[in-house]
Amino acid sequence: MHISVIGTGYVGLVTGACFAEFGVNVTCMDNDAKRIAKLEKGEVPFYEPGITELVAKGIKEGRLSFTTDVTKAVDKALAIFIAVGTPPRLDGSADLSYVEEVGRGIAKNLTGYKVIVTKSTVPVGTGEKLREVIKANQTGKFRFDIVSNPEFLREGSAIEDFMRPNRVVIGADSDQAVAIMKDLYRPLYLLETPFVVTDIPTAEMIKYASNAFLAVKISFINEIATLCERVGADVQMVSKGMGLDHRIGSKFLHAGPGFGGSCFPKDLAALVQTGERAGYPMQIASTASKVNAEQRVRMVEKIQKTMGSLKGKTFAMLGLSFKPNTNDLRDAPALAIAQELMKRGATIRAYDPAALEEASRTVPGLIPCHDVYHAAEGTDGVILMTEWNQFRTLDFERLKKTVRQPILFDLRNVYDSDRVVGFGFQHISVGRVSKDSQSTL
Ligand code: NAD
């Protein structure tokens, strides 16, 4: 079978490369000519473990090709996956202009029956809207079906998530389209991956409800963390005690600086907008968003409370991407926290294994450093911001000789307080009272 994927970002490229690995012929299309020129040479424009190898394999074996030409992308493909961005508008609603633009491009180039699949995260009603856009712009009279096939991969483990998903959701109103989708995902079917086959609006809602639920779980534990600090409880143990209950589960129950990234904040905002438009305010989603914004401020205040004034203080920030194993900085808590600390007079020396270059361009004044110990030189505190594996085994003896003041702001609760304090550091974490500082902010 021949398919195409329009939009070669995180989702589109992973989708294209993984389908090629399943044995499908895939054309990946993007309107960013520089991106496509790089991809044709096997150069991947972002950091994601395993993707460079998979793209190289797909190209070498002749199943993966790239183009900027939508005509080529539509021509041979039986299924066309739309994986362009759906960023937030000012009011929080999803900007569907890229999806609609692709819809018009597909419509003008239809040469026969196609299954047109939204892989992008799109609000309920988008499938229908897309159908209308295509009908209105169609030059010939070709039959087509719309399918909603939301993507649940996580950056940092995107290939594994695509190859071994918890479930595949297919929203469609045509048996033919469902059969084609199942055929495409046949390798997963054989692995006994659950398939949820439903109508288009329900599939669209499953994606938003899932992301909102995960975001709520994070904001919930962050609220509990703040309460733990005030009443002298340990949120790590609270999480453990809660997570062992199978009805709750341990995932997404880690206190920290709040969620970020390209999905949770924007998807929560879009769900809230959908609720407003439908005349039913989504109170829990709204509050999760508000708690998340406050959590970032609380991290800054936690640092300020420990240091007194931030004027003239220097901090090492370890990790900038919104999570480990990615260079994605979209809505990363690190950037917001670094900017606020600088606004209050601090200097930030930063190190990140993958996102440093882009972060230095994005945040003026950030001092890029080549490793942890370089970042820590002469600093008044080390802020562990993103839990990359290499930050889990810090050499505290070496760190202590490098810093001006031995204070670790462990905003991901990576370390056990006793261990850090044993090396002569003050340990300030989230949702736990620091033994030697009694910091409770
Ligand atoms: P991205 O910004 O990394 O990639 C989008 C790509 O689309 C870019 O390369 C851009 O050049 C291209 N594009 C835009 N308009 C185009 C057009 N008219 N024709 C061709 N190409 C065009 O975005 P992403 O992170 O891959 O996200 C894509 C969608 O998938 C979003 O709706 C997002 O919410 C959803 N999603 C993302 C993730 C994730 O972890 N990133 C996970 C699940 C779902």
# chains A, B, ... in the order shown; residues from 1 in each chain; ligands from 1
>>> residues_around(residues="A:Leu184", least_positions_apart="5", cutoff="9 Å", atoms="only C-alpha atoms", output="ChimeraX atom specification")
/A:1,19,22,24,179
>>> residues_near_ligand(ligand="ligand 1", cutoff="7 Å", atoms="only C-alpha atoms and all ligand atoms", output="ChimeraX atom specification")
/A:6-12,29-32,83-86,98-99,101-102,119-122,150-155,262-263
>>> select_by_dssp(residues="stretch 187-312 of chain A", states="strand (DSSP E or B)", output="list in words")
Phe195, Val196, Val197 and Thr198 of chain A
>>> write_last_selection(atoms="N, CA and C atoms", output="PDB file, in the first residue's frame")
ATOM      1  N   PHE A 195      -7.939  -2.138  19.509  1.00  0.00           N
ATOM      2  CA  PHE A 195      -8.398  -1.126  18.558  1.00  0.00           C
ATOM      3  C   PHE A 195      -9.736  -0.593  19.045  1.00  0.00           C
ATOM      4  N   VAL A 196      -9.856   0.719  19.120  1.00  0.00           N
ATOM      5  CA  VAL A 196     -11.125   1.335  19.498  1.00  0.00           C
ATOM      6  C   VAL A 196     -11.698   1.948  18.222  1.00  0.00           C
ATOM      7  N   VAL A 197     -12.711   1.310  17.674  1.00  0.00           N
ATOM      8  CA  VAL A 197     -13.295   1.797  16.423  1.00  0.00           C
ATOM      9  C   VAL A 197     -14.621   2.473  16.774  1.00  0.00           C
ATOM     10  N   THR A 198     -14.729   3.729  16.390  1.00  0.00           N
ATOM     11  CA  THR A 198     -15.890   4.508  16.808  1.00  0.00           C
ATOM     12  C   THR A 198     -16.218   5.560  15.750  1.00  0.00           C
TER      13      THR A 198
END
>>> atom_distance(atom1="atom CA of A:Thr379", atom2="atom CA of A:Glu397")
15.1 Å
>>> residues_around(residues="stretch 292-300 of chain A", least_positions_apart="6", cutoff="8 Å", atoms="only C-alpha atoms", output="mmCIF file with all heavy atoms, in the first residue's frame")
data_model
loop_
_atom_site.group_PDB
_atom_site.id
_atom_site.type_symbol
_atom_site.label_atom_id
_atom_site.label_comp_id
_atom_site.auth_asym_id
_atom_site.auth_seq_id
_atom_site.Cartn_x
_atom_site.Cartn_y
_atom_site.Cartn_z
ATOM 1 N N SER A 219 -1.533 18.185 37.867
ATOM 2 C CA SER A 219 -1.876 19.349 38.693
ATOM 3 C C SER A 219 -2.376 18.905 40.059
ATOM 4 O O SER A 219 -2.125 19.565 41.069
ATOM 5 C CB SER A 219 -2.934 20.215 37.995
ATOM 6 O OG SER A 219 -2.297 21.065 37.061
ATOM 7 N N ASN A 222 0.543 18.073 42.191
ATOM 8 C CA ASN A 222 1.282 19.301 42.527
ATOM 9 C C ASN A 222 0.569 20.087 43.633
ATOM 10 O O ASN A 222 1.227 20.682 44.490
ATOM 11 C CB ASN A 222 1.494 20.164 41.281
ATOM 12 C CG ASN A 222 2.650 19.639 40.433
ATOM 13 O OD1 ASN A 222 3.526 18.933 40.949
ATOM 14 N ND2 ASN A 222 2.652 19.949 39.160
ATOM 15 N N PRO A 257 7.711 20.920 38.624
ATOM 16 C CA PRO A 257 7.458 22.335 38.294
ATOM 17 C C PRO A 257 6.221 22.547 37.427
ATOM 18 O O PRO A 257 5.980 23.656 36.959
ATOM 19 C CB PRO A 257 8.731 22.727 37.534
ATOM 20 C CG PRO A 257 9.183 21.462 36.905
ATOM 21 C CD PRO A 257 8.799 20.347 37.826
ATOM 22 N N GLY A 258 5.466 21.495 37.190
ATOM 23 C CA GLY A 258 4.263 21.623 36.358
ATOM 24 C C GLY A 258 4.521 21.095 34.964
ATOM 25 O O GLY A 258 5.665 20.900 34.567
ATOM 26 N N PHE A 259 3.443 20.838 34.235
ATOM 27 C CA PHE A 259 3.611 20.269 32.893
ATOM 28 C C PHE A 259 3.852 21.367 31.864
ATOM 29 O O PHE A 259 3.519 22.527 32.064
ATOM 30 C CB PHE A 259 2.405 19.404 32.506
ATOM 31 C CG PHE A 259 1.066 20.095 32.597
ATOM 32 C CD1 PHE A 259 0.640 20.962 31.601
ATOM 33 C CD2 PHE A 259 0.221 19.878 33.672
ATOM 34 C CE1 PHE A 259 -0.592 21.596 31.676
ATOM 35 C CE2 PHE A 259 -1.015 20.501 33.760
ATOM 36 C CZ PHE A 259 -1.420 21.363 32.755
ATOM 37 N N PRO A 333 8.563 24.487 31.167
ATOM 38 C CA PRO A 333 8.597 25.237 32.430
ATOM 39 C C PRO A 333 9.963 25.875 32.666
ATOM 40 O O PRO A 333 10.049 26.965 33.227
ATOM 41 C CB PRO A 333 8.315 24.174 33.493
ATOM 42 C CG PRO A 333 7.715 23.021 32.790
ATOM 43 C CD PRO A 333 8.135 23.094 31.350
ATOM 44 N N ALA A 336 10.213 29.452 31.262
ATOM 45 C CA ALA A 336 9.424 30.424 32.030
ATOM 46 C C ALA A 336 10.106 30.715 33.367
ATOM 47 O O ALA A 336 10.205 31.875 33.798
ATOM 48 C CB ALA A 336 8.019 29.869 32.255
ATOM 49 N N ILE A 337 10.608 29.672 34.008
ATOM 50 C CA ILE A 337 11.232 29.841 35.336
ATOM 51 C C ILE A 337 12.554 30.605 35.197
ATOM 52 O O ILE A 337 12.842 31.522 35.972
ATOM 53 C CB ILE A 337 11.387 28.467 36.034
ATOM 54 C CG1 ILE A 337 9.989 27.946 36.409
ATOM 55 C CG2 ILE A 337 12.302 28.537 37.251
ATOM 56 C CD1 ILE A 337 9.922 26.534 36.925
ATOM 57 N N GLU A 340 11.809 34.276 34.621
ATOM 58 C CA GLU A 340 11.320 34.958 35.827
ATOM 59 C C GLU A 340 12.476 35.193 36.810
ATOM 60 O O GLU A 340 12.568 36.262 37.422
ATOM 61 C CB GLU A 340 10.198 34.132 36.471
ATOM 62 C CG GLU A 340 9.493 34.796 37.639
ATOM 63 C CD GLU A 340 8.903 36.184 37.338
ATOM 64 O OE1 GLU A 340 8.461 36.414 36.193
ATOM 65 O OE2 GLU A 340 8.908 37.034 38.260
ATOM 66 N N LEU A 341 13.369 34.209 36.930
ATOM 67 C CA LEU A 341 14.522 34.376 37.837
ATOM 68 C C LEU A 341 15.397 35.527 37.344
ATOM 69 O O LEU A 341 15.874 36.347 38.130
ATOM 70 C CB LEU A 341 15.339 33.076 37.911
ATOM 71 C CG LEU A 341 14.680 31.903 38.640
ATOM 72 C CD1 LEU A 341 15.493 30.620 38.447
ATOM 73 C CD2 LEU A 341 14.529 32.180 40.142
ATOM 74 N N LEU A 411 13.905 20.199 41.461
ATOM 75 C CA LEU A 411 12.488 20.448 41.136
ATOM 76 C C LEU A 411 11.802 19.223 40.538
ATOM 77 O O LEU A 411 10.621 19.272 40.211
ATOM 78 C CB LEU A 411 12.362 21.660 40.202
ATOM 79 C CG LEU A 411 12.945 22.978 40.726
ATOM 80 C CD1 LEU A 411 12.560 24.142 39.825
ATOM 81 C CD2 LEU A 411 12.517 23.267 42.170
ATOM 82 N N LEU A 441 8.148 26.665 51.369
ATOM 83 C CA LEU A 441 7.392 27.298 50.265
ATOM 84 C C LEU A 441 7.204 26.355 49.119
ATOM 85 O O LEU A 441 8.088 25.608 48.777
ATOM 86 C CB LEU A 441 8.148 28.524 49.772
ATOM 87 C CG LEU A 441 7.422 29.822 49.997
ATOM 88 C CD1 LEU A 441 8.166 30.971 49.371
ATOM 89 C CD2 LEU A 441 5.983 29.811 49.493
#
>>> atom_distance(atom1="atom CA of A:Phe144", atom2="atom CA of A:Ala79")
9.7 Å
>>> residues_around(residues="stretch 237-244 of chain A", least_positions_apart="4", cutoff="10 Å", atoms="only C-alpha atoms", output="count of residues only")
15
>>> closest_residue(among="A:Thr71, A:Thr126, A:Ser93, A:Asn413", to="A:Ala107", atoms="only C-alpha atoms")
A:Thr71
>>> select_by_dssp(residues="stretch 266-421 of chain A", states="alpha helix (DSSP H)", output="PyMOL selection string")
chain A and resi 266-277+283-307+333-343+356-362+372-376+396-402+417-421
>>> residues_around(residues="A:Arg404", least_positions_apart="3", cutoff="9 Å", atoms="only C-alpha atoms", output="list of chain:residue names")
A:Ala376, A:Glu377, A:Gly378, A:Thr379, A:Asp380, A:Gly381, A:Lys400, A:Lys401
>>> closest_residue(among="A:Val372, A:Leu384, A:Thr27, A:Leu335", to="A:Ser360", atoms="only C-alpha atoms")
A:Leu335
>>> residues_around(residues="A:Lys41", least_positions_apart="2", cutoff="10 Å", atoms="only C-alpha atoms", output="ChimeraX atom specification")
/A:36-39,43-44,55-56,59,66
>>> residues_around(residues="A:Ser286", least_positions_apart="3", cutoff="8 Å", atoms="only C-alpha atoms", output="PDB file with N, CA, C and O atoms, in the first residue's frame")
ATOM      1  N   LEU A 268      -5.434  21.310  26.787  1.00  0.00           N
ATOM      2  CA  LEU A 268      -6.333  21.703  27.890  1.00  0.00           C
ATOM      3  C   LEU A 268      -7.094  22.970  27.498  1.00  0.00           C
ATOM      4  O   LEU A 268      -8.317  23.066  27.669  1.00  0.00           O
ATOM      5  N   ALA A 269      -6.323  23.946  26.949  1.00  0.00           N
ATOM      6  CA  ALA A 269      -6.943  25.226  26.569  1.00  0.00           C
ATOM      7  C   ALA A 269      -8.004  25.008  25.493  1.00  0.00           C
ATOM      8  O   ALA A 269      -9.100  25.598  25.541  1.00  0.00           O
ATOM      9  N   VAL A 272     -11.131  23.508  26.999  1.00  0.00           N
ATOM     10  CA  VAL A 272     -11.876  24.542  27.727  1.00  0.00           C
ATOM     11  C   VAL A 272     -12.689  25.380  26.723  1.00  0.00           C
ATOM     12  O   VAL A 272     -13.867  25.679  26.941  1.00  0.00           O
ATOM     13  N   MET A 282     -15.744  23.699  31.221  1.00  0.00           N
ATOM     14  CA  MET A 282     -14.964  22.541  31.694  1.00  0.00           C
ATOM     15  C   MET A 282     -14.184  22.979  32.928  1.00  0.00           C
ATOM     16  O   MET A 282     -13.031  23.425  32.832  1.00  0.00           O
ATOM     17  N   GLN A 283     -14.805  22.868  34.092  1.00  0.00           N
ATOM     18  CA  GLN A 283     -14.228  23.445  35.306  1.00  0.00           C
ATOM     19  C   GLN A 283     -12.945  22.761  35.747  1.00  0.00           C
ATOM     20  O   GLN A 283     -12.000  23.402  36.195  1.00  0.00           O
ATOM     21  N   SER A 289      -5.269  23.869  34.530  1.00  0.00           N
ATOM     22  CA  SER A 289      -4.440  24.816  33.803  1.00  0.00           C
ATOM     23  C   SER A 289      -3.947  25.927  34.733  1.00  0.00           C
ATOM     24  O   SER A 289      -2.775  26.322  34.713  1.00  0.00           O
ATOM     25  N   LYS A 290      -4.861  26.433  35.556  1.00  0.00           N
ATOM     26  CA  LYS A 290      -4.539  27.525  36.487  1.00  0.00           C
ATOM     27  C   LYS A 290      -3.514  27.041  37.531  1.00  0.00           C
ATOM     28  O   LYS A 290      -2.528  27.726  37.811  1.00  0.00           O
TER      29      LYS A 290
END
>>> closest_residue(among="A:Gly424, A:Gly319, A:Gly156, A:Pro87", to="A:Pro49", atoms="only C-alpha atoms")
A:Gly156
>>> atom_distance(atom1="atom CA of A:Val169", atom2="atom CA of A:Cys28")
21.8 Å
>>> closest_residue(among="A:Asp173, A:Glu204, A:Glu276, A:Glu53", to="A:Pro123", atoms="only C-alpha atoms")
A:Glu204
>>> closest_residue(among="A:Val115, A:Ala375, A:Val178, A:Val124", to="A:Gln273", atoms="only C-alpha atoms")
A:Val124
